[in-house]
Structures are given as structure tokens and as C-alpha cells.
>>> print(open('target.txt').read())   # compact mmCIF, C-alpha atoms
# COMPACT_ATOMS: atom_id res chain seq x y z
CA MET A 1 154.79 116.68 85.80
CA THR A 2 157.27 118.85 87.70
CA ALA A 3 154.48 121.27 88.62
CA ARG A 4 152.34 118.41 89.93
CA ILE A 5 155.14 117.06 92.15
CA SER A 6 155.82 120.56 93.47
CA SER A 7 152.14 121.00 94.28
CA GLN A 8 152.07 117.68 96.14
CA LYS A 9 155.12 118.66 98.19
CA GLN A 10 153.52 121.96 99.11
CA GLY A 11 150.39 120.10 100.22
CA LEU A 12 152.47 117.86 102.46
CA ARG A 13 154.16 120.92 103.93
CA SER A 14 150.89 122.66 104.87
CA PRO A 15 150.41 122.96 108.67
CA LEU A 16 147.01 121.25 108.58
CA ARG A 17 148.37 118.36 106.51
CA ARG A 18 151.32 117.90 108.89
CA ARG A 19 148.98 117.83 111.90
CA HIS A 20 146.78 115.28 110.21
CA LEU A 21 149.76 113.05 109.35
CA SER A 22 151.07 113.34 112.91
CA LEU A 23 147.70 112.20 114.21
CA LEU A 24 147.66 109.26 111.83
CA ALA A 25 151.11 108.32 113.14
CA VAL A 26 149.69 108.25 116.67
CA LEU A 27 146.92 105.96 115.45
CA ALA A 28 149.43 103.68 113.71
CA MET A 29 151.44 103.27 116.91
CA GLY A 30 148.35 101.83 118.64
CA SER A 31 148.13 104.47 121.33
CA SER A 32 145.38 104.36 123.92
CA ARG A 33 142.16 106.26 123.37
CA ARG A 34 143.18 108.55 126.20
CA VAL A 35 146.10 109.74 124.09
CA LEU A 36 143.93 109.94 120.98
CA ILE A 37 141.38 112.18 122.68
CA GLN A 38 144.10 114.61 123.73
CA ALA A 39 145.64 114.43 120.27
CA TYR A 40 142.38 115.39 118.59
CA ILE A 41 141.64 118.17 121.06
CA ASN A 42 145.04 119.75 120.39
CA SER A 43 145.32 118.84 116.72
CA GLY A 44 143.93 122.01 115.17
CA LEU A 45 142.02 119.92 112.65
CA PRO A 46 138.78 121.31 111.13
CA ALA A 47 135.89 121.46 113.57
CA HIS A 48 133.79 118.95 111.64
CA THR A 49 136.65 116.41 111.65
CA GLN A 50 137.23 116.79 115.37
CA ARG A 51 133.50 116.55 116.05
CA ALA A 52 133.15 113.33 114.01
CA TRP A 53 135.90 111.64 115.99
CA LEU A 54 134.47 112.76 119.32
CA GLN A 55 131.08 111.44 118.23
CA LYS A 56 132.62 108.04 117.42
CA LEU A 57 134.22 107.76 120.88
CA THR A 58 131.03 109.01 122.53
CA ASP A 59 128.88 106.44 120.72
CA ASP A 60 131.26 103.64 121.78
CA ILE A 61 130.54 104.56 125.41
CA CYS A 62 126.88 105.57 125.28
CA LEU A 63 125.67 102.65 123.15
CA SER A 64 127.25 99.96 125.33
CA GLU A 65 125.22 98.06 127.92
CA PRO A 66 125.30 99.52 131.47
CA GLY A 67 127.84 97.75 133.63
CA ASN A 68 130.21 96.92 130.76
CA LEU A 69 132.46 100.00 130.58
CA SER A 70 136.17 99.35 130.89
CA PRO A 71 138.35 101.36 133.32
CA GLU A 72 139.80 103.23 130.33
CA GLU A 73 136.36 104.16 129.02
CA ILE A 74 135.36 105.42 132.48
CA HIS A 75 138.53 107.49 132.58
CA ASN A 76 137.90 108.84 129.08
CA ALA A 77 134.28 109.89 129.63
CA PRO A 78 135.09 113.11 131.58
CA MET A 79 137.73 114.02 128.99
CA LEU A 80 135.17 113.60 126.24
CA MET A 81 132.68 115.74 128.15
CA SER A 82 135.26 118.48 128.52
CA ALA A 83 136.21 118.25 124.84
CA TRP A 84 132.57 118.53 123.73
CA ALA A 85 131.98 121.48 126.07
CA LYS A 86 134.86 123.48 124.54
CA THR A 87 133.29 124.89 121.41
CA PRO A 88 135.95 125.26 118.68
CA LYS A 89 136.46 128.87 117.63
CA LYS A 90 135.48 127.96 114.08
CA GLU A 91 132.07 126.92 115.43
CA GLU A 92 131.45 129.93 117.65
CA SER A 93 129.83 131.86 114.83
CA SER A 94 127.36 129.04 114.31
CA SER A 95 126.95 127.97 117.94
CA SER A 96 123.44 129.37 117.95
CA GLY A 97 122.44 126.75 115.39
CA LYS A 98 122.16 122.98 115.50
CA LYS A 99 125.82 122.27 116.31
CA GLY A 100 125.74 123.99 119.69
CA LYS A 101 122.73 122.01 120.82
CA GLU A 102 124.25 118.77 119.47
CA ARG A 103 127.34 119.33 121.60
CA ALA A 104 125.26 119.93 124.73
CA VAL A 105 123.18 116.81 124.09
CA ALA A 106 126.36 114.76 123.58
CA VAL A 107 127.86 115.92 126.88
CA GLU A 108 124.65 115.28 128.77
CA GLY A 109 124.40 111.85 127.17
CA LEU A 110 127.84 110.94 128.50
CA LEU A 111 126.90 112.14 131.97
CA LYS A 112 123.73 110.05 131.96
CA ARG A 113 125.69 107.03 130.73
CA MET A 114 128.11 107.36 133.65
CA ILE A 115 125.21 107.60 136.09
CA ASP A 116 123.65 104.47 134.57
CA GLU A 117 127.00 102.68 134.84
CA ARG A 118 127.15 103.48 138.55
CA ARG A 119 123.59 102.25 139.07
CA ALA A 120 124.51 99.03 137.25
CA GLY A 121 127.02 98.31 140.00
CA ASN A 122 130.28 99.65 138.59
CA THR A 123 131.75 101.42 141.61
CA ASN A 124 134.52 102.94 139.48
CA ALA A 125 132.00 105.10 137.61
CA ILE A 126 131.93 108.23 139.74
CA VAL A 127 130.32 111.40 138.44
CA ARG A 128 131.97 114.54 139.82
CA THR A 129 131.29 118.25 140.03
CA GLU A 130 133.57 118.89 137.05
CA ASP A 131 131.44 116.57 134.91
CA TYR A 132 128.25 118.44 135.77
CA ASN A 133 130.04 121.73 135.12
CA ALA A 134 131.02 120.48 131.65
CA VAL A 135 127.37 119.76 130.90
CA MET A 136 126.34 123.22 132.09
CA LYS A 137 129.12 124.86 130.11
CA SER A 138 128.03 123.06 126.95
CA TRP A 139 124.49 124.39 127.38
CA VAL A 140 125.78 127.91 128.06
CA ASN A 141 127.67 127.72 124.74
CA SER A 142 124.79 126.10 122.87
CA GLY A 143 123.04 129.29 121.77
CA GLU A 144 119.71 127.98 123.07
CA MET A 145 119.25 131.05 125.31
CA ASN A 146 116.18 130.66 127.58
CA ALA A 147 115.90 126.89 127.05
CA ALA A 148 119.60 126.49 127.89
CA ALA A 149 119.32 128.71 130.98
CA GLU A 150 116.38 126.69 132.30
CA ARG A 151 118.31 123.46 131.79
CA VAL A 152 121.48 124.79 133.41
CA GLU A 153 119.60 125.99 136.49
CA GLN A 154 117.81 122.65 136.71
CA ILE A 155 121.16 120.83 136.64
CA LEU A 156 122.59 123.12 139.32
CA ARG A 157 119.63 122.56 141.65
CA ASN A 158 119.86 118.82 141.04
CA MET A 159 123.53 118.91 142.02
CA GLN A 160 122.74 120.73 145.25
CA ASP A 161 119.96 118.25 146.08
CA LYS A 162 122.30 115.30 145.51
CA PHE A 163 124.95 116.95 147.67
CA VAL A 164 122.47 117.49 150.51
CA GLU A 165 121.48 113.82 150.21
CA GLY A 166 125.10 112.86 150.84
CA ASP A 167 126.87 112.72 147.47
CA GLU A 168 129.94 114.86 148.15
CA HIS A 169 131.34 114.18 144.68
CA VAL A 170 128.82 116.56 143.07
CA GLN A 171 128.94 119.51 145.48
CA PRO A 172 128.28 122.65 143.40
CA ASN A 173 131.23 125.03 143.49
CA ALA A 174 131.71 128.67 142.51
CA GLU A 175 132.07 127.73 138.83
CA SER A 176 128.76 125.84 138.94
CA PHE A 177 126.87 128.90 140.15
CA GLU A 178 128.74 131.22 137.81
CA LEU A 179 127.75 129.08 134.82
CA ALA A 180 124.09 129.13 135.88
CA ILE A 181 124.16 132.90 136.28
CA GLU A 182 125.95 133.35 132.95
CA ALA A 183 123.32 131.20 131.23
CA TRP A 184 120.62 133.64 132.28
CA THR A 185 122.65 136.71 131.35
CA ILE A 186 122.71 135.56 127.71
CA ALA A 187 119.07 134.45 127.61
CA SER A 188 118.10 137.51 125.60
CA ASP A 189 114.87 135.95 124.33
CA VAL A 190 113.06 136.53 127.66
CA ASP A 191 112.72 139.79 129.59
CA TYR A 192 112.90 138.15 133.03
CA ALA A 193 116.45 136.85 132.53
CA PRO A 194 118.17 139.47 134.79
CA ALA A 195 115.78 138.67 137.63
CA ARG A 196 116.47 134.94 137.29
CA ALA A 197 120.23 135.53 137.35
CA HIS A 198 119.71 137.71 140.44
CA LYS A 199 117.73 134.96 142.20
CA ILE A 200 120.52 132.42 141.64
CA LEU A 201 122.97 134.86 143.24
CA GLU A 202 120.65 135.26 146.23
CA TRP A 203 120.27 131.49 146.50
CA MET A 204 124.05 131.09 146.30
CA ASN A 205 124.48 133.51 149.19
CA HIS A 206 121.78 131.75 151.23
CA LEU A 207 123.45 128.35 150.79
CA TYR A 208 126.77 129.78 151.92
CA THR A 209 125.54 131.78 154.92
CA SER A 210 123.33 128.92 156.11
CA SER A 211 126.30 126.50 155.86
CA GLU A 212 124.43 124.32 153.37
CA ASN A 213 127.28 124.65 150.86
CA ASP A 214 130.68 126.00 151.89
CA LYS A 215 131.76 126.26 148.23
CA ALA A 216 128.93 128.64 147.34
CA ALA A 217 130.60 131.84 148.56
CA PRO A 218 129.41 134.69 146.29
CA ASN A 219 132.29 136.21 144.35
CA THR A 220 133.01 139.29 142.27
CA ASN A 221 132.57 137.46 138.96
CA CYS A 222 129.07 136.29 139.84
CA PHE A 223 128.06 139.76 140.99
CA HIS A 224 129.49 141.37 137.88
CA LEU A 225 127.53 139.01 135.63
CA VAL A 226 124.28 140.00 137.35
CA LEU A 227 125.24 143.69 137.26
CA ARG A 228 125.91 143.43 133.55
CA ALA A 229 122.58 141.69 133.00
CA TRP A 230 120.69 144.51 134.69
CA ALA A 231 122.73 147.24 133.00
CA SER A 232 122.05 145.89 129.52
CA SER A 233 118.39 145.09 130.15
CA GLY A 234 117.03 148.58 129.56
CA LYS A 235 114.58 148.09 132.42
CA LEU A 236 113.45 151.04 134.55
CA GLU A 237 114.53 149.28 137.73
CA ALA A 238 118.00 148.45 136.38
CA PRO A 239 119.85 151.42 137.98
CA ILE A 240 118.32 150.79 141.41
CA MET A 241 118.96 147.04 141.26
CA SER A 242 122.56 147.69 140.23
CA GLU A 243 123.13 150.09 143.13
CA HIS A 244 121.64 147.60 145.57
CA LEU A 245 124.00 144.93 144.27
CA ILE A 246 127.04 147.14 144.83
CA MET A 247 125.90 147.96 148.37
CA TRP A 248 125.35 144.26 148.99
CA MET A 249 128.87 143.50 147.81
CA GLN A 250 130.31 146.15 150.11
CA HIS A 251 128.29 144.78 153.01
CA LEU A 252 129.57 141.26 152.42
CA GLN A 253 133.14 142.55 152.21
CA GLN A 254 132.72 144.39 155.52
CA GLN A 255 131.54 141.11 157.03
CA GLY A 256 134.80 139.49 155.94
CA LEU A 257 133.85 137.94 152.61
CA GLU A 258 136.70 139.27 150.46
CA SER A 259 135.61 137.18 147.47
CA ALA A 260 132.69 139.60 147.02
CA LYS A 261 134.81 142.75 146.93
CA PRO A 262 133.59 145.06 144.13
CA ASN A 263 136.17 146.02 141.51
CA THR A 264 136.40 148.81 138.96
CA MET A 265 134.37 146.86 136.37
CA CYS A 266 131.52 146.53 138.86
CA PHE A 267 131.37 150.27 139.54
CA ASN A 268 131.62 151.07 135.82
CA THR A 269 128.74 148.69 135.11
CA VAL A 270 126.58 150.41 137.72
CA MET A 271 127.21 153.77 136.07
CA ALA A 272 126.36 152.26 132.69
CA ALA A 273 123.01 151.13 134.10
CA TRP A 274 121.97 154.78 134.38
>>> encode(input="target.txt", output="C-alpha cells")
Amino acid sequence: MTARISSQKQGLRSPLRRRHLSLLAVLAMGSSRRVLIQAYINSGLPAHTQRAWLQKLTDDICLSEPGNLSPEEIHNAPMLMSAWAKTPKKEESSSSGKKGKERAVAVEGLLKRMIDERRAGNTNAIVRTEDYNAVMKSWVNSGEMNAAAERVEQILRNMQDKFVEGDEHVQPNAESFELAIEAWTIASDVDYAPARAHKILEWMNHLYTSSENDKAAPNTNCFHLVLRAWASSGKLEAPIMSEHLIMWMQHLQQQGLESAKPNTMCFNTVMAAW
């Protein structure tokens, strides 16, 4: 009997058990879902437990009729998207399987639900750049490689089209382009991935220099991603393409674009391409 009581006390003292009890206390106090979402994100609970709760909140929003979302649900939707997009470390090893794709589909479902809510006449439902970025990030982390890269680029181009049509809330920013480039750098199942990443960088530069998007200034991170893609590709043209990228960066810097200044990592990556 004494041993059993001691074992129960040790169970109550475990960090995971304490976090779970703390979360239940939040539930018992009747806190808003906004607080609950943050509590689950920071709880440190097992990935499957966190995912189940996020799915419940997501279903409550996505399965409701368009036009019926409350102000709190509209506020919570971007937080849910961000939570889904952040793959728990315990899931990273399996992100190339079904769970990674499920997360991406969940985030995209929330985005579509918000768009439908806006079309239904709810003027409070505004989809923003950060929401689209969360969708792209979830696909980058999905492990779907080429399929994910195609979807991310499609989303980015859709954002730019909407921005040109007058929706300033979804103007693609540097993070948007960086996510699209990153998606292609990890699409190892196709041999044209480095070229596709390169084309997005060129498009980014065109949008900026033509004043079509003042948030599309090419930066060192974007260049380095493309450099790394070429260097690891094993292609015959990789060394030449890498050198051209460095010269392009230096040219942009000389023209006053300091965000494109090459750093040590960039030069080291060029050398690795040889």
C-alpha cells in the first residue's frame, strides 16, 4: 500500500503530469479559447495530444456555416494556423509521413474558411500575409517535397495576384518569398528544383525593381538558399550558377541594396559548389 501511494505521488510530481493538471485548471476556470490555444501551444504535452485539441478547435471553425463565425473565432483562426504550422520537435522525425501533410491541409482549410467567411459578408474576417505565410510554412514542413514546393509557389503567386488587384492585406513579403525558395531547395525528388528556386529569386528581384512589390527586395537569406541548392545538386552547371549568383549579389549591393550583401556563408557555399 505504501509503495502504491509513493508511486502515485511520484506520478503527480512528474513535469508532464503537472503541465497537464495546470491545463485542466485553465479549462476549469472557463477561460476563453484564445487562452486555451496559447496554453496548449506552450504546454509541452505529447504531440498527439496537442494535435487532437488543435483539430477539435479547427473543426469547430471549419465545419460551421459561412457567415456565422464569432469575433473570437475569427481572432483564433490565425493563432490556430500558426500553431499547426509549427511542427512539434517530436514530430519532425515523422514529418515526411502522413502527419506533416495533415498539418498542412488543416492550415489551408482554416485559410479557406476565413476566405469563405469574408465572401459571406463578414467584414471582420480579414486574411493577411501572415496567414498565407503560415500555410506556406506548413507545406514546407510537410515532407511532401516536389508536391509541397509546387503548392507553395502557387500560393505565393496567388498572393501577388491578389495584391496587384488591390488587396493590400496579402502583399507577399520577404518571408513569403523565402518560404517558396526554401520549399524548392528541399524538393529532392526532382532534379529541376535548384532552377525553380533560382527563378523565384529572379521573379522576386523583378517585382522589386519594377516597383510591383516594395516588400520583395532580395536578401542574403534568399540568395544563400539558392546557392545551397545549386551547391548540393551535383549538377555540372552548379559552380558557374553559384558564381553568377555571388556576382549578382555584389552588383545589387553596389546599386545600394544592402539587404543582398553576400556574407561568409555565401562565399563558402560557392566554394563548396566546386
>>> closest_residue(input="target.txt", among="A:Gly121, A:Pro71, A:Gly143, A:Pro66", to="A:Glu102", atoms="all atoms listed in the file")
A:Gly143
>>> atom_distance(input="target.txt", atom1="atom CA of A:Gly109", atom2="atom CA of A:Leu69")
14.7 Å
>>> residues_around(input="target.txt", residues="stretch 144-148 of chain A", least_positions_apart="2", cutoff="9 Å", atoms="only C-alpha atoms", output="list of chain:residue names")
A:Ser95, A:Ser96, A:Gly97, A:Gly100, A:Lys101, A:Met136, A:Trp139, A:Val140, A:Asn141, A:Ser142, A:Glu150, A:Arg151, A:Val152, A:Glu153, A:Ala183, A:Trp184, A:Thr185, A:Ile186, A:Ala187, A:Ser188, A:Asp189, A:Val190, A:Ala193
>>> write_last_selection(input="target.txt", atoms="C-alpha atoms", output="PDB file, in the frame of the given file")
ATOM      1  CA  SER A  95     126.950 127.970 117.940  1.00  0.00           C
ATOM      2  CA  SER A  96     123.440 129.370 117.950  1.00  0.00           C
ATOM      3  CA  GLY A  97     122.440 126.750 115.390  1.00  0.00           C
ATOM      4  CA  GLY A 100     125.740 123.990 119.690  1.00  0.00           C
ATOM      5  CA  LYS A 101     122.730 122.010 120.820  1.00  0.00           C
ATOM      6  CA  MET A 136     126.340 123.220 132.090  1.00  0.00           C
ATOM      7  CA  TRP A 139     124.490 124.390 127.380  1.00  0.00           C
ATOM      8  CA  VAL A 140     125.780 127.910 128.060  1.00  0.00           C
ATOM      9  CA  ASN A 141     127.670 127.720 124.740  1.00  0.00           C
ATOM     10  CA  SER A 142     124.790 126.100 122.870  1.00  0.00           C
ATOM     11  CA  GLU A 150     116.380 126.690 132.300  1.00  0.00           C
ATOM     12  CA  ARG A 151     118.310 123.460 131.790  1.00  0.00           C
ATOM     13  CA  VAL A 152     121.480 124.790 133.410  1.00  0.00           C
ATOM     14  CA  GLU A 153     119.600 125.990 136.490  1.00  0.00           C
ATOM     15  CA  ALA A 183     123.320 131.200 131.230  1.00  0.00           C
ATOM     16  CA  TRP A 184     120.620 133.640 132.280  1.00  0.00           C
ATOM     17  CA  THR A 185     122.650 136.710 131.350  1.00  0.00           C
ATOM     18  CA  ILE A 186     122.710 135.560 127.710  1.00  0.00           C
ATOM     19  CA  ALA A 187     119.070 134.450 127.610  1.00  0.00           C
ATOM     20  CA  SER A 188     118.100 137.510 125.600  1.00  0.00           C
ATOM     21  CA  ASP A 189     114.870 135.950 124.330  1.00  0.00           C
ATOM     22  CA  VAL A 190     113.060 136.530 127.660  1.00  0.00           C
ATOM     23  CA  ALA A 193     116.450 136.850 132.530  1.00  0.00           C
TER      24      ALA A 193
END
>>> atom_distance(input="target.txt", atom1="atom CA of A:Ser64", atom2="atom CA of A:Thr49")
23.4 Å
>>> closest_residue(input="target.txt", among="A:Leu179, A:Ala195, A:Ile61, A:Ala52", to="A:Arg103", atoms="all atoms listed in the file")
A:Ala52
>>> closest_residue(input="target.txt", among="A:Lys235, A:His244, A:His224, A:His48", to="A:Thr264", atoms="all atoms listed in the file")
A:His224
>>> residues_around(input="target.txt", residues="A:Lys199", least_positions_apart="3", cutoff="12 Å", atoms="only C-alpha atoms", output="list of chain:residue names")
A:Glu153, A:Phe177, A:Ala180, A:Ile181, A:Trp184, A:Tyr192, A:Ala193, A:Pro194, A:Ala195, A:Arg196, A:Glu202, A:Trp203, A:Met204, A:Asn205, A:His206, A:Cys222, A:Phe223, A:Val226, A:Leu245
>>> atom_distance(input="target.txt", atom1="atom CA of A:Ala125", atom2="atom CA of A:Leu57")
17.1 Å
>>> closest_residue(input="target.txt", among="A:Ile126, A:Leu156, A:Met265, A:Met81", to="A:Ala174", atoms="only C-alpha atoms")
A:Leu156
>>> residues_around(input="target.txt", residues="A:Cys62", least_positions_apart="6", cutoff="9 Å", atoms="all atoms listed in the file", output="list in words")
Gly109, Leu110, Lys112, Arg113 and Met114 of chain A
>>> closest_residue(input="target.txt", among="A:Thr58, A:Thr269, A:Gln250, A:Ser211", to="A:Ala229", atoms="all atoms listed in the file")
A:Thr269
>>> axis_aligned_box(input="target.txt", around="stretch 64-67 of chain A", padding_each_side="8 Å", output="AutoDock Vina command-line options")
--center_x 126.5 --center_y 98.9 --center_z 129.5 --size_x 18.6 --size_y 18.2 --size_z 24.3
>>> residues_around(input="target.txt", residues="A:Tyr208", least_positions_apart="4", cutoff="12 Å", atoms="all atoms listed in the file", output="VMD selection string")
chain A and resid 160 172 to 174 177 201 to 204 212 to 219 252 257
